[in-house]
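Q: Enclosed is the structure file query-v2.cif (mmCIF, C-alpha atoms).
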```
data_run
#
loop_
_atom_site.label_atom_id
_atom_site.label_comp_id
_atom_site.auth_asym_id
_atom_site.auth_seq_id
_atom_site.Cartn_x
_atom_site.Cartn_y
_atom_site.Cartn_z
CA CYS A 1 0.00 0.00 0.00
CA SER A 2 1.19 3.52 -0.78
CA PRO A 3 -0.61 6.85 -0.37
CA LEU A 4 -0.13 7.53 -4.11
CA GLN A 5 -1.52 4.27 -5.49
CA ASP A 6 -4.20 1.68 -4.82
CA PRO A 7 -3.37 -1.67 -3.20
CA ARG A 8 -2.25 -4.18 -5.80
CA MET A 9 -1.46 -7.86 -6.14
CA LEU A 10 2.14 -9.00 -6.42
CA ASN A 11 3.31 -9.45 -9.99
CA THR A 12 4.80 -12.88 -10.73
CA THR A 13 7.96 -11.23 -12.09
CA GLU A 14 8.62 -9.67 -8.67
CA LYS A 15 8.56 -12.86 -6.65
CA GLY A 16 12.34 -13.03 -6.61
CA LYS A 17 12.38 -9.81 -4.57
CA ALA A 18 9.54 -10.79 -2.29
CA GLY A 19 9.85 -11.88 1.31
CA LYS A 20 8.23 -14.90 2.94
CA ILE A 21 5.96 -15.38 5.93
CA GLN A 22 5.60 -18.64 7.83
CA VAL A 23 2.78 -18.73 10.39
CA PRO A 24 2.80 -21.56 13.00
CA ARG A 25 -0.11 -23.99 13.27
CA GLU A 26 -0.79 -23.16 16.91
CA ILE A 27 -2.28 -19.82 15.89
CA PHE A 28 -5.12 -21.52 13.98
CA ARG A 29 -5.63 -24.20 16.63
CA SER A 30 -6.27 -21.52 19.22
CA LEU A 31 -9.00 -19.87 17.14
CA SER A 32 -12.57 -20.74 18.08
CA SER A 33 -14.08 -20.34 14.60
CA GLN A 34 -13.44 -22.73 11.74
CA THR A 35 -12.37 -20.00 9.36
CA ALA A 36 -9.97 -17.14 9.93
CA ARG A 37 -8.85 -14.36 7.68
CA VAL A 38 -5.06 -13.87 7.36
CA VAL A 39 -4.24 -10.31 6.37
CA VAL A 40 -0.74 -9.25 5.31
CA THR A 41 -0.33 -5.51 4.76
CA VAL A 42 2.83 -4.18 3.10
CA LEU A 43 3.22 -0.44 3.67
CA ASN A 44 5.56 2.00 1.96
CA ILE A 45 6.12 4.49 4.80
CA GLN A 46 8.21 6.99 2.84
CA GLN A 47 5.28 9.39 2.46
CA LEU A 48 3.17 8.21 5.38
CA GLY A 49 3.08 10.10 8.65
CA MET A 50 3.28 6.81 10.55
CA PHE A 51 6.00 4.67 12.13
CA LYS A 52 8.31 7.59 12.82
CA GLU A 53 10.25 7.19 16.04
CA VAL A 54 11.72 10.16 17.88
CA ASN A 55 15.56 10.20 17.63
CA GLN A 56 15.59 7.12 15.42
CA THR A 57 19.16 6.13 14.51
CA GLY A 58 18.47 3.14 12.24
CA GLN A 59 17.01 3.19 8.74
CA VAL A 60 13.97 1.14 7.72
CA LEU A 61 14.86 -1.31 4.93
CA ASP A 62 13.34 -0.06 1.65
CA ASP A 63 10.91 2.06 3.73
CA THR A 64 8.81 -1.10 4.08
CA VAL A 65 6.70 -2.16 7.05
CA VAL A 66 4.83 -5.48 7.06
CA GLY A 67 1.69 -5.94 9.16
CA ILE A 68 0.35 -9.44 9.92
CA THR A 69 -2.99 -10.26 11.53
CA VAL A 70 -4.89 -13.55 11.89
CA GLY A 71 -8.52 -13.40 12.89
CA GLU A 72 -9.93 -10.64 15.05
CA THR A 73 -7.81 -10.99 18.20
CA SER A 74 -4.31 -9.96 19.20
CA ILE A 75 -1.86 -12.85 19.16
CA SER A 76 1.25 -13.00 21.37
CA GLY A 77 3.34 -15.43 23.42
CA LEU A 78 3.74 -18.02 20.65
CA GLN A 79 5.70 -21.15 21.57
CA ASN A 80 6.66 -21.64 17.92
CA PRO A 81 7.53 -18.18 16.57
CA MET A 82 6.25 -16.67 13.38
CA GLN A 83 9.01 -16.31 10.76
CA LEU A 84 9.18 -13.32 8.45
CA THR A 85 11.92 -13.21 5.81
CA PHE A 86 13.00 -9.82 4.44
CA ALA A 87 14.67 -10.31 1.07
CA HIS A 88 17.54 -7.97 0.25
CA GLY A 89 20.87 -7.91 -1.53
CA GLN A 90 24.20 -6.89 -0.06
CA LEU A 91 23.54 -4.52 2.82
CA PRO A 92 25.36 -1.16 2.96
CA HIS A 93 28.73 -1.10 4.65
CA GLY A 94 28.70 -0.20 8.33
CA VAL A 95 25.19 -1.32 9.25
CA THR A 96 23.75 -4.31 11.06
CA PRO A 97 20.15 -5.57 10.56
CA GLN A 98 17.74 -5.81 13.47
CA CYS A 99 14.21 -7.23 13.47
CA VAL A 100 11.84 -4.84 15.21
CA PHE A 101 8.11 -4.26 15.62
CA TRP A 102 6.12 -1.10 16.28
CA ASP A 103 5.38 -0.74 20.00
CA ALA A 104 2.65 1.87 20.47
CA SER A 105 3.29 1.97 24.23
CA LYS A 106 6.92 3.06 23.84
CA GLY A 107 7.34 6.73 24.67
CA GLN A 108 4.62 9.22 23.84
CA ALA A 109 4.27 8.50 20.14
CA GLY A 110 5.44 4.88 19.99
CA GLY A 111 8.69 3.43 18.74
CA TRP A 112 10.52 0.37 17.44
CA SER A 113 11.22 -2.51 19.81
CA SER A 114 13.00 -5.84 19.38
CA SER A 115 11.45 -7.59 22.40
CA GLY A 116 10.37 -11.13 21.51
CA CYS A 117 12.14 -11.10 18.13
CA VAL A 118 15.30 -12.91 17.05
CA THR A 119 17.36 -11.72 14.07
CA GLN A 120 19.02 -14.26 11.76
CA PRO A 121 20.99 -12.33 9.09
CA GLY A 122 21.85 -13.96 5.75
CA ASP A 123 23.47 -13.06 2.44
CA LYS A 124 20.22 -12.68 0.47
CA GLY A 125 17.77 -12.04 3.27
CA THR A 126 17.20 -11.72 7.00
CA VAL A 127 14.84 -13.99 8.93
CA CYS A 128 12.87 -12.47 11.81
CA SER A 129 11.47 -14.96 14.33
CA CYS A 130 8.92 -13.28 16.60
CA ASP A 131 6.51 -14.61 19.24
CA HIS A 132 3.64 -12.27 18.31
CA LEU A 133 1.88 -10.69 15.33
CA THR A 134 1.90 -6.97 14.61
CA PHE A 135 3.72 -4.51 12.26
CA PHE A 136 7.33 -5.53 11.58
CA THR A 137 10.30 -4.13 9.71
CA LEU A 138 14.04 -4.61 9.36
CA LEU A 139 15.97 -1.76 10.93
CA LEU A 140 19.48 -1.09 9.59
CA ASN A 141 21.47 0.20 12.56
CA PRO A 142 24.92 1.81 12.20
CA ALA A 143 27.67 -0.44 13.49
CA LEU A 144 31.44 -0.59 13.68
CA ASP A 145 33.53 -2.51 11.21
CA ARG A 146 36.36 -4.69 12.47
CA SER A 147 39.23 -2.36 11.49
CA THR A 148 37.63 0.69 13.15
CA ALA A 149 36.80 -1.24 16.32
CA GLN A 150 40.34 -2.64 16.60
CA ALA A 151 41.85 0.80 15.99
CA LEU A 152 39.64 2.32 18.70
CA MET A 153 40.66 -0.39 21.16
CA ALA A 154 44.34 0.23 20.37
CA VAL A 155 43.96 4.01 20.81
CA ALA A 156 42.07 3.53 24.07
CA THR A 157 44.66 1.12 25.46
CA ALA A 158 47.59 3.39 24.58
CA GLY A 159 45.74 6.44 25.86
CA CYS A 160 45.00 4.74 29.18
CA GLY A 161 48.71 4.07 29.72
CA ILE A 162 49.61 7.71 29.01
CA ALA A 163 46.73 8.96 31.17
CA MET A 164 47.89 6.82 34.10
CA ALA A 165 51.40 8.24 33.90
CA PHE A 166 50.20 11.85 33.87
CA SER A 167 47.70 11.14 36.62
CA ILE A 168 50.59 10.02 38.82
CA PHE A 169 52.58 13.14 37.85
CA THR A 170 49.62 15.36 38.71
CA ILE A 171 49.03 13.72 42.10
CA ALA A 172 52.75 14.06 42.94
CA PHE A 173 52.68 17.73 41.88
CA CYS A 174 49.64 18.40 44.08
CA ILE A 175 51.28 16.69 47.05
CA PHE A 176 54.38 18.85 46.55
CA LEU A 177 52.31 22.05 46.55
CA ARG A 178 50.27 20.99 49.57
CA CYS A 179 53.46 20.33 51.53
CA ARG A 180 55.01 23.62 50.43
CA PHE A 181 52.00 25.77 51.32
CA ARG A 182 50.62 24.15 54.45
CA SER A 183 49.31 27.42 55.85
CA GLU A 184 47.09 28.17 52.84
CA GLU A 185 43.94 26.23 53.67
CA THR A 186 42.00 27.20 50.53
CA LEU A 187 44.87 26.19 48.28
CA ARG A 188 45.18 22.85 50.09
CA ILE A 189 41.46 22.17 49.64
CA ASN A 190 41.64 22.97 45.93
CA LEU A 191 44.64 20.71 45.46
CA GLY A 192 42.99 18.00 47.53
CA LEU A 193 39.99 18.06 45.20
CA HIS A 194 42.26 17.82 42.16
CA MET A 195 44.15 14.91 43.72
CA ASN A 196 40.97 12.95 44.30
CA LEU A 197 39.72 13.60 40.75
CA MET A 198 43.04 12.47 39.29
CA GLY A 199 43.03 9.47 41.60
CA SER A 200 39.64 8.41 40.26
CA LEU A 201 40.93 8.83 36.69
CA LEU A 202 43.98 6.74 37.54
CA LEU A 203 41.82 3.95 38.95
CA LEU A 204 39.45 4.09 35.97
CA ASN A 205 42.28 3.73 33.43
CA LEU A 206 43.80 0.92 35.47
CA ALA A 207 40.44 -0.86 35.67
CA PHE A 208 39.97 -0.56 31.91
CA LEU A 209 43.41 -2.03 31.20
CA LEU A 210 42.72 -4.91 33.59
CA ASN A 211 39.29 -5.35 32.04
CA SER A 212 40.47 -5.54 28.43
CA GLY A 213 43.37 -7.79 29.38
CA LEU A 214 41.71 -10.28 31.73
CA SER A 215 38.01 -10.45 30.85
CA GLY A 216 38.43 -12.97 28.02
CA GLY A 217 39.41 -15.86 30.27
CA THR A 218 38.02 -14.95 33.68
CA GLN A 219 35.56 -16.86 35.83
CA PRO A 220 31.99 -15.50 36.07
CA GLY A 221 32.49 -14.35 39.66
CA THR A 222 35.75 -12.57 38.82
CA CYS A 223 34.16 -10.94 35.79
CA LYS A 224 31.30 -9.62 37.91
CA ALA A 225 33.77 -8.15 40.39
CA LEU A 226 35.82 -6.58 37.61
CA GLY A 227 32.70 -5.14 35.98
CA GLY A 228 31.60 -3.67 39.30
CA LEU A 229 35.07 -2.19 39.87
CA THR A 230 35.09 -0.53 36.43
CA HIS A 231 31.61 0.87 36.99
CA TYR A 232 32.62 2.14 40.44
CA CYS A 233 35.68 3.96 39.07
CA LEU A 234 33.61 5.55 36.30
CA LEU A 235 31.01 6.80 38.77
CA CYS A 236 33.80 8.15 41.00
CA CYS A 237 35.11 10.21 38.06
CA PHE A 238 31.65 11.64 37.45
CA THR A 239 31.06 12.35 41.14
CA TRP A 240 34.40 14.10 41.65
CA ALA A 241 33.76 16.20 38.54
CA ALA A 242 30.44 17.22 40.14
CA LEU A 243 32.21 18.08 43.40
CA GLU A 244 34.72 20.19 41.46
CA GLY A 245 31.76 22.07 40.01
CA CYS A 246 30.14 22.53 43.42
CA HIS A 247 33.40 23.83 44.90
CA LEU A 248 33.90 26.20 41.98
CA TYR A 249 30.37 27.49 42.51
CA LEU A 250 31.10 28.16 46.18
CA LEU A 251 34.30 30.03 45.35
CA PHE A 252 33.02 32.19 42.53
CA VAL A 253 29.30 32.61 43.16
CA LYS A 254 28.39 31.77 46.74
CA VAL A 255 31.79 32.86 48.09
CA LEU A 256 32.95 30.37 50.69
CA GLY A 257 33.37 32.78 53.58
CA THR A 258 32.23 30.45 56.35
CA TYR A 259 34.34 27.72 57.85
CA ILE A 260 33.16 24.17 57.18
CA ARG A 261 34.66 21.66 59.54
CA HIS A 262 36.35 18.69 57.86
CA TYR A 263 35.27 20.07 54.48
CA LEU A 264 37.58 17.89 52.34
CA ALA A 265 36.81 14.79 54.42
CA LYS A 266 33.10 15.28 53.81
CA LEU A 267 33.71 15.68 50.10
CA CYS A 268 35.71 12.42 50.13
CA LEU A 269 32.82 10.66 51.84
CA VAL A 270 30.51 11.70 49.01
CA GLY A 271 33.03 11.27 46.20
CA TRP A 272 34.03 7.72 47.13
CA GLY A 273 31.00 6.60 49.14
CA PHE A 274 28.06 7.43 46.86
CA PRO A 275 29.42 5.43 43.87
CA ALA A 276 29.98 2.47 46.19
CA LEU A 277 26.32 2.60 47.23
CA VAL A 278 25.15 2.66 43.60
CA VAL A 279 27.44 -0.19 42.56
CA GLY A 280 26.35 -2.21 45.59
CA VAL A 281 22.69 -1.93 44.62
CA ALA A 282 23.50 -2.78 40.98
CA GLY A 283 25.53 -5.79 42.11
CA VAL A 284 22.67 -7.12 44.25
CA ILE A 285 20.36 -7.26 41.22
CA GLY A 286 23.08 -9.02 39.20
CA SER A 287 23.88 -6.26 36.71
CA TYR A 288 27.51 -7.20 36.04
CA GLY A 289 28.93 -9.88 33.80
CA GLU A 290 30.44 -10.45 30.37
CA TYR A 291 29.72 -7.85 27.71
CA SER A 292 30.69 -8.39 24.05
CA ILE A 293 31.59 -5.74 21.48
CA GLN A 294 30.50 -6.96 18.04
CA THR A 295 31.11 -5.80 14.48
CA VAL A 296 28.69 -5.44 11.58
CA ASP A 297 28.91 -9.15 10.75
CA HIS A 298 28.32 -10.08 14.41
CA GLN A 299 31.96 -11.04 15.03
CA VAL A 300 33.14 -10.42 18.57
CA ILE A 301 35.92 -7.83 18.79
CA ALA A 302 36.39 -7.85 22.56
CA HIS A 303 34.98 -9.32 25.75
CA LEU A 304 34.63 -6.87 28.61
CA CYS A 305 33.38 -7.24 32.16
CA TRP A 306 30.69 -4.61 32.39
CA ILE A 307 26.94 -4.13 32.77
CA THR A 308 25.27 -6.94 30.84
CA SER A 309 22.93 -6.30 27.91
CA LYS A 310 20.06 -7.70 30.00
CA HIS A 311 20.44 -4.82 32.47
CA VAL A 312 21.01 -2.02 29.96
CA LEU A 313 18.54 0.13 31.92
CA VAL A 314 21.09 0.24 34.77
CA HIS A 315 23.60 1.72 32.33
CA TYR A 316 21.18 4.37 31.08
CA ILE A 317 20.20 5.45 34.60
CA THR A 318 23.49 5.25 36.52
CA ASN A 319 25.81 6.36 33.71
CA CYS A 320 23.97 8.34 31.03
CA GLY A 321 21.32 9.89 33.26
CA TYR A 322 23.69 10.56 36.18
CA PHE A 323 26.33 12.16 34.00
CA GLY A 324 23.71 14.13 32.04
CA LEU A 325 22.62 15.89 35.24
CA ILE A 326 26.24 16.53 36.27
CA PHE A 327 27.10 17.88 32.82
CA LEU A 328 24.19 20.36 32.85
CA PHE A 329 25.15 21.62 36.32
CA ASN A 330 28.87 21.89 35.58
CA MET A 331 28.31 23.68 32.28
CA ALA A 332 26.08 26.17 34.10
CA VAL A 333 28.86 26.74 36.65
CA PHE A 334 31.41 27.04 33.84
CA GLY A 335 29.26 29.69 32.15
CA VAL A 336 28.86 31.68 35.37
CA VAL A 337 32.58 31.52 36.16
CA THR A 338 33.51 32.60 32.63
CA GLN A 339 31.02 35.47 32.73
CA LYS A 340 32.30 36.71 36.11
CA SER A 341 35.92 36.48 34.96
CA CYS A 342 35.13 38.52 31.85
CA CYS A 343 33.33 41.14 33.95
CA LEU A 344 36.28 41.42 36.33
CA GLN A 345 38.65 41.82 33.41
CA GLY A 346 36.46 44.52 31.91
CA THR A 347 36.30 46.52 35.17
CA GLY A 348 40.06 46.24 35.68
CA THR A 349 39.76 44.25 38.91
CA LEU A 350 42.17 41.61 37.66
CA GLN A 351 45.76 42.65 38.04
CA GLY A 352 48.92 41.40 36.41
CA ASP A 353 49.80 39.93 33.03
CA ARG A 354 46.82 38.02 31.69
CA LYS A 355 47.75 36.90 28.20
CA ALA A 356 45.01 35.62 25.92
CA TRP A 357 46.55 32.15 25.64
CA LYS A 358 46.69 31.83 29.42
CA VAL A 359 43.03 32.76 29.74
CA ALA A 360 42.15 30.26 27.01
CA LEU A 361 44.22 27.58 28.74
CA VAL A 362 42.49 28.24 32.05
CA ALA A 363 39.10 27.95 30.35
CA MET A 364 40.12 24.70 28.62
CA GLY A 365 41.45 23.31 31.88
CA LEU A 366 38.21 24.09 33.68
CA PHE A 367 36.33 22.49 30.81
CA CYS A 368 38.29 19.23 31.23
CA LEU A 369 38.24 19.47 35.02
CA LEU A 370 34.44 19.54 34.99
CA GLY A 371 34.30 16.40 32.82
CA ALA A 372 32.96 18.00 29.65
CA THR A 373 34.92 15.64 27.39
CA TRP A 374 32.63 12.83 28.52
CA ALA A 375 29.69 14.66 26.93
CA LEU A 376 30.82 13.41 23.52
CA THR A 377 29.38 10.02 24.46
CA PHE A 378 25.89 11.42 23.74
CA LEU A 379 26.96 11.97 20.11
CA THR A 380 28.13 8.36 19.68
CA HIS A 381 24.70 6.77 20.14
CA GLY A 382 24.40 3.83 17.79
CA THR A 383 28.07 4.24 16.83
CA SER A 384 26.87 6.36 13.90
CA SER A 385 30.02 8.43 13.53
CA ALA A 386 33.52 6.96 13.55
CA PRO A 387 35.19 10.44 13.74
CA VAL A 388 33.20 11.27 16.88
CA LEU A 389 34.21 7.93 18.41
CA TYR A 390 37.86 8.65 17.70
CA LEU A 391 37.51 12.15 19.15
CA PHE A 392 35.77 10.82 22.27
CA THR A 393 38.44 8.16 22.81
CA ILE A 394 41.41 10.48 22.26
CA LEU A 395 40.12 13.41 24.34
CA ASN A 396 39.22 11.24 27.32
CA SER A 397 42.60 9.51 27.09
CA LEU A 398 44.30 12.92 27.13
CA GLN A 399 42.16 14.34 29.93
CA GLY A 400 44.88 13.64 32.50
CA ILE A 401 47.47 15.44 30.35
CA PHE A 402 45.24 18.50 29.96
CA ILE A 403 44.65 18.78 33.70
CA PHE A 404 48.37 18.29 34.46
CA ILE A 405 49.42 21.08 32.08
CA TRP A 406 46.65 23.30 33.40
CA LEU A 407 47.77 22.86 37.02
CA VAL A 408 51.43 23.47 36.19
CA VAL A 409 50.68 26.70 34.30
CA LEU A 410 48.19 27.83 36.94
CA TYR A 411 50.20 27.16 40.09
CA TYR A 412 53.84 27.19 39.01
CA PRO A 413 56.18 29.08 39.09
CA LYS A 414 54.00 31.87 40.53
CA THR A 415 52.69 29.69 43.30
CA LYS A 416 52.83 32.44 45.89
CA GLU A 417 50.64 34.71 43.81
CA ALA A 418 48.19 31.85 43.23
CA ALA A 419 48.08 31.02 46.93
CA GLY A 420 47.61 34.67 47.82
CA SER A 421 44.75 35.11 45.36
CA LEU A 422 43.05 31.99 46.63
CA SER A 423 43.21 33.28 50.17
CA HIS A 424 41.78 36.55 48.91
CA ILE A 425 38.42 34.80 48.41
CA ILE A 426 37.98 34.26 52.12
CA ARG A 427 38.73 37.87 52.97
CA HIS A 428 36.63 39.61 50.32
CA ASP A 429 33.21 38.66 49.06
CA LYS A 430 33.25 40.36 45.67
CA ILE A 431 36.83 40.06 44.37
CA THR A 432 37.96 36.92 42.53
CA THR A 433 40.71 36.15 40.05
CA VAL A 434 41.25 33.88 37.08
CA SER A 435 43.81 31.89 39.05
CA GLN A 436 41.10 30.87 41.50
#
```
Will you turn the file into structure tokens for me?

A:
Amino acid sequence: CSPLQDPRMLNTTEKGKAGKIQVPREIFRSLSSQTARVVVTVLNIQQLGMFKEVNQTGQVLDDTVVGITVGETSISGLQNPMQLTFAHGQLPHGVTPQCVFWDASKGQAGGWSSSGCVTQPGDKGTVCSCDHLTFFTLLLNPALDRSTAQALMAVATAGCGIAMAFSIFTIAFCIFLRCRFRSEETLRINLGLHMNLMGSLLLLNLAFLLNSGLSGGTQPGTCKALGGLTHYCLLCCFTWAALEGCHLYLLFVKVLGTYIRHYLAKLCLVGWGFPALVVGVAGVIGSYGEYSIQTVDHQVIAHLCWITSKHVLVHYITNCGYFGLIFLFNMAVFGVVTQKSCCLQGTGTLQGDRKAWKVALVAMGLFCLLGATWALTFLTHGTSSAPVLYLFTILNSLQGIFIFIWLVVLYYPKTKEAAGSLSHIIRHDKITTVSQ
């Protein structure tokens, strides 16, 4: 059926391009009447205002949707699934087929779902085995090819090694400054925050290297523990980035003029304790296990210990949702800090040599410090863009280097001026500097 032409019968010359439907006997045995009408509707949805999912990443094969009904009732929960074969030639490079049906209850306007369907790809067609009857199609989802996936794994592994080295350098540099300026409490708190953030990055990179190196031959219990450890380290990175944003807000906007007892210890309790609580709950419901990264032709590139595909909702809530909230807050803080710094520069409050490249470096450092590089993960949904994946992998691998350079330029060699300006926040409510 098409909105521009009447329904028509299939021409015998087109049978080579046609698909095939196999309906199990149990459907007819369950019907009370002796006769039942089987209706197969083939829709060309190119010009229809139907079957359009919000933020759909995959493409419908030939813009074709097939609806199947038997009798007057809804049929689901089949023991022997219905088989629908979508005939096609060689699929485009970089996509993987997925059998889906239209779920009207998904979201506000409905969407495609693969629940109850199994995809069996072939050279000349793809077989969809589903346990219910409704409107079906073959969705062509973007996927990685083997060479791109292997290159990304190599870049990530090398980047993790470099990031670990610079994380250690940064922690050592912060310890040196804390020992040198013991009397400057504000400076020590700032450096303590940076040390904890870099420590979480160090643990995350270490967990990833252990994960990619050991997950292939580990026992189920060990893999669950390793998956939980990796998830914990990732949540620690997000949480410490949020705490950096909160502290920056107190310094620049709220002005931390009141003494908070054991301030850094309380931040550590949140930064390391809250992720442990989340991972503990996720572990109780059995969220961790082996996770496979597959290519277009369903070949396994790597085995990782992570949140299993069965509990993908845990990933969306604890990782995507949690970081999304942190990103919005930190970017708001970043905007406020940038605006206040520009205002202070315009009124001449800022003293000293403030070269443009230093201001840009400070802004870039704050951007990395607040975890903005992780936001690129929202642009890699469905692995639709290899360049974005490369950019995401490289920038997050270099995050430790960026923060190290930023701290060195910010605090050294003019450490006394930096310490003095940081102390200036406590004494005056309305004067701040870029070095803060």

Q: Grab the CA of Ile285 in chain A to CA of Leu235 in chain A distance for me, in Å with one decimal place.

A: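 Taking CA of Ile285 in chain A as the start and CA of Leu235 in chain A as the end point, the length is 17.8 Å.
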
Q: Using only C-alpha atoms, which residues sit within 8 Å of range 389-398 of chain A once same-chain residues fewer than 3 positions away are excluded, as a VMD selection string?

A: chain A and resid 152 155 to 156 159 to 160 162 to 163 373 to 374 376 to 377 380 383 385 to 386 401 to 402

Q: What is the distance, in Å and to one decimal place, between CA of Gly365 in chain A and CA of Leu193 in chain A?

A: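 Result for CA of Gly365 in chain A versus CA of Leu193 in chain A: 14.4 Å, one decimal.
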
Q: Which distance in Å separates CA of Leu43 in chain A and CA of Ile68 in chain A, to one decimal?

A: 11.3 Å

Q: Considering all atoms listed in the file, state which residue in the set A:Gly271, A:Gly213, A:Pro121, A:Gly71 is at the smallest distance from Cys305 in chain A.

A: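 Smallest separation from Cys305 in chain A among the options: A:Gly213.
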
Q: Let me make sure I understand: among A:Ser76, A:Ile293, A:Cys179, A:Leu366, which one has the smallest atom-to-atom distance to Leu410 in chain A if we use all atoms listed in the file?

A: A:Leu366

Q: Please enumerate the residues selected by the PyMOL selection byres ((chain A and resi 124) around 10) when evaluated against the supplied file, formatted as a PyMOL selection string.

A: chain A and resi 17+85-91+121-123+125-126

Q: Please provide as a ChimeraX atom specification all residues within 12 Å of Val65 in chain A, with the sequence filter that same-chain residues fewer than 3 positions apart are discarded (counting only C-alpha atoms).

A: /A:1-2,19,40-46,48,50-52,59-62,68,84,86,99-102,112,134-139
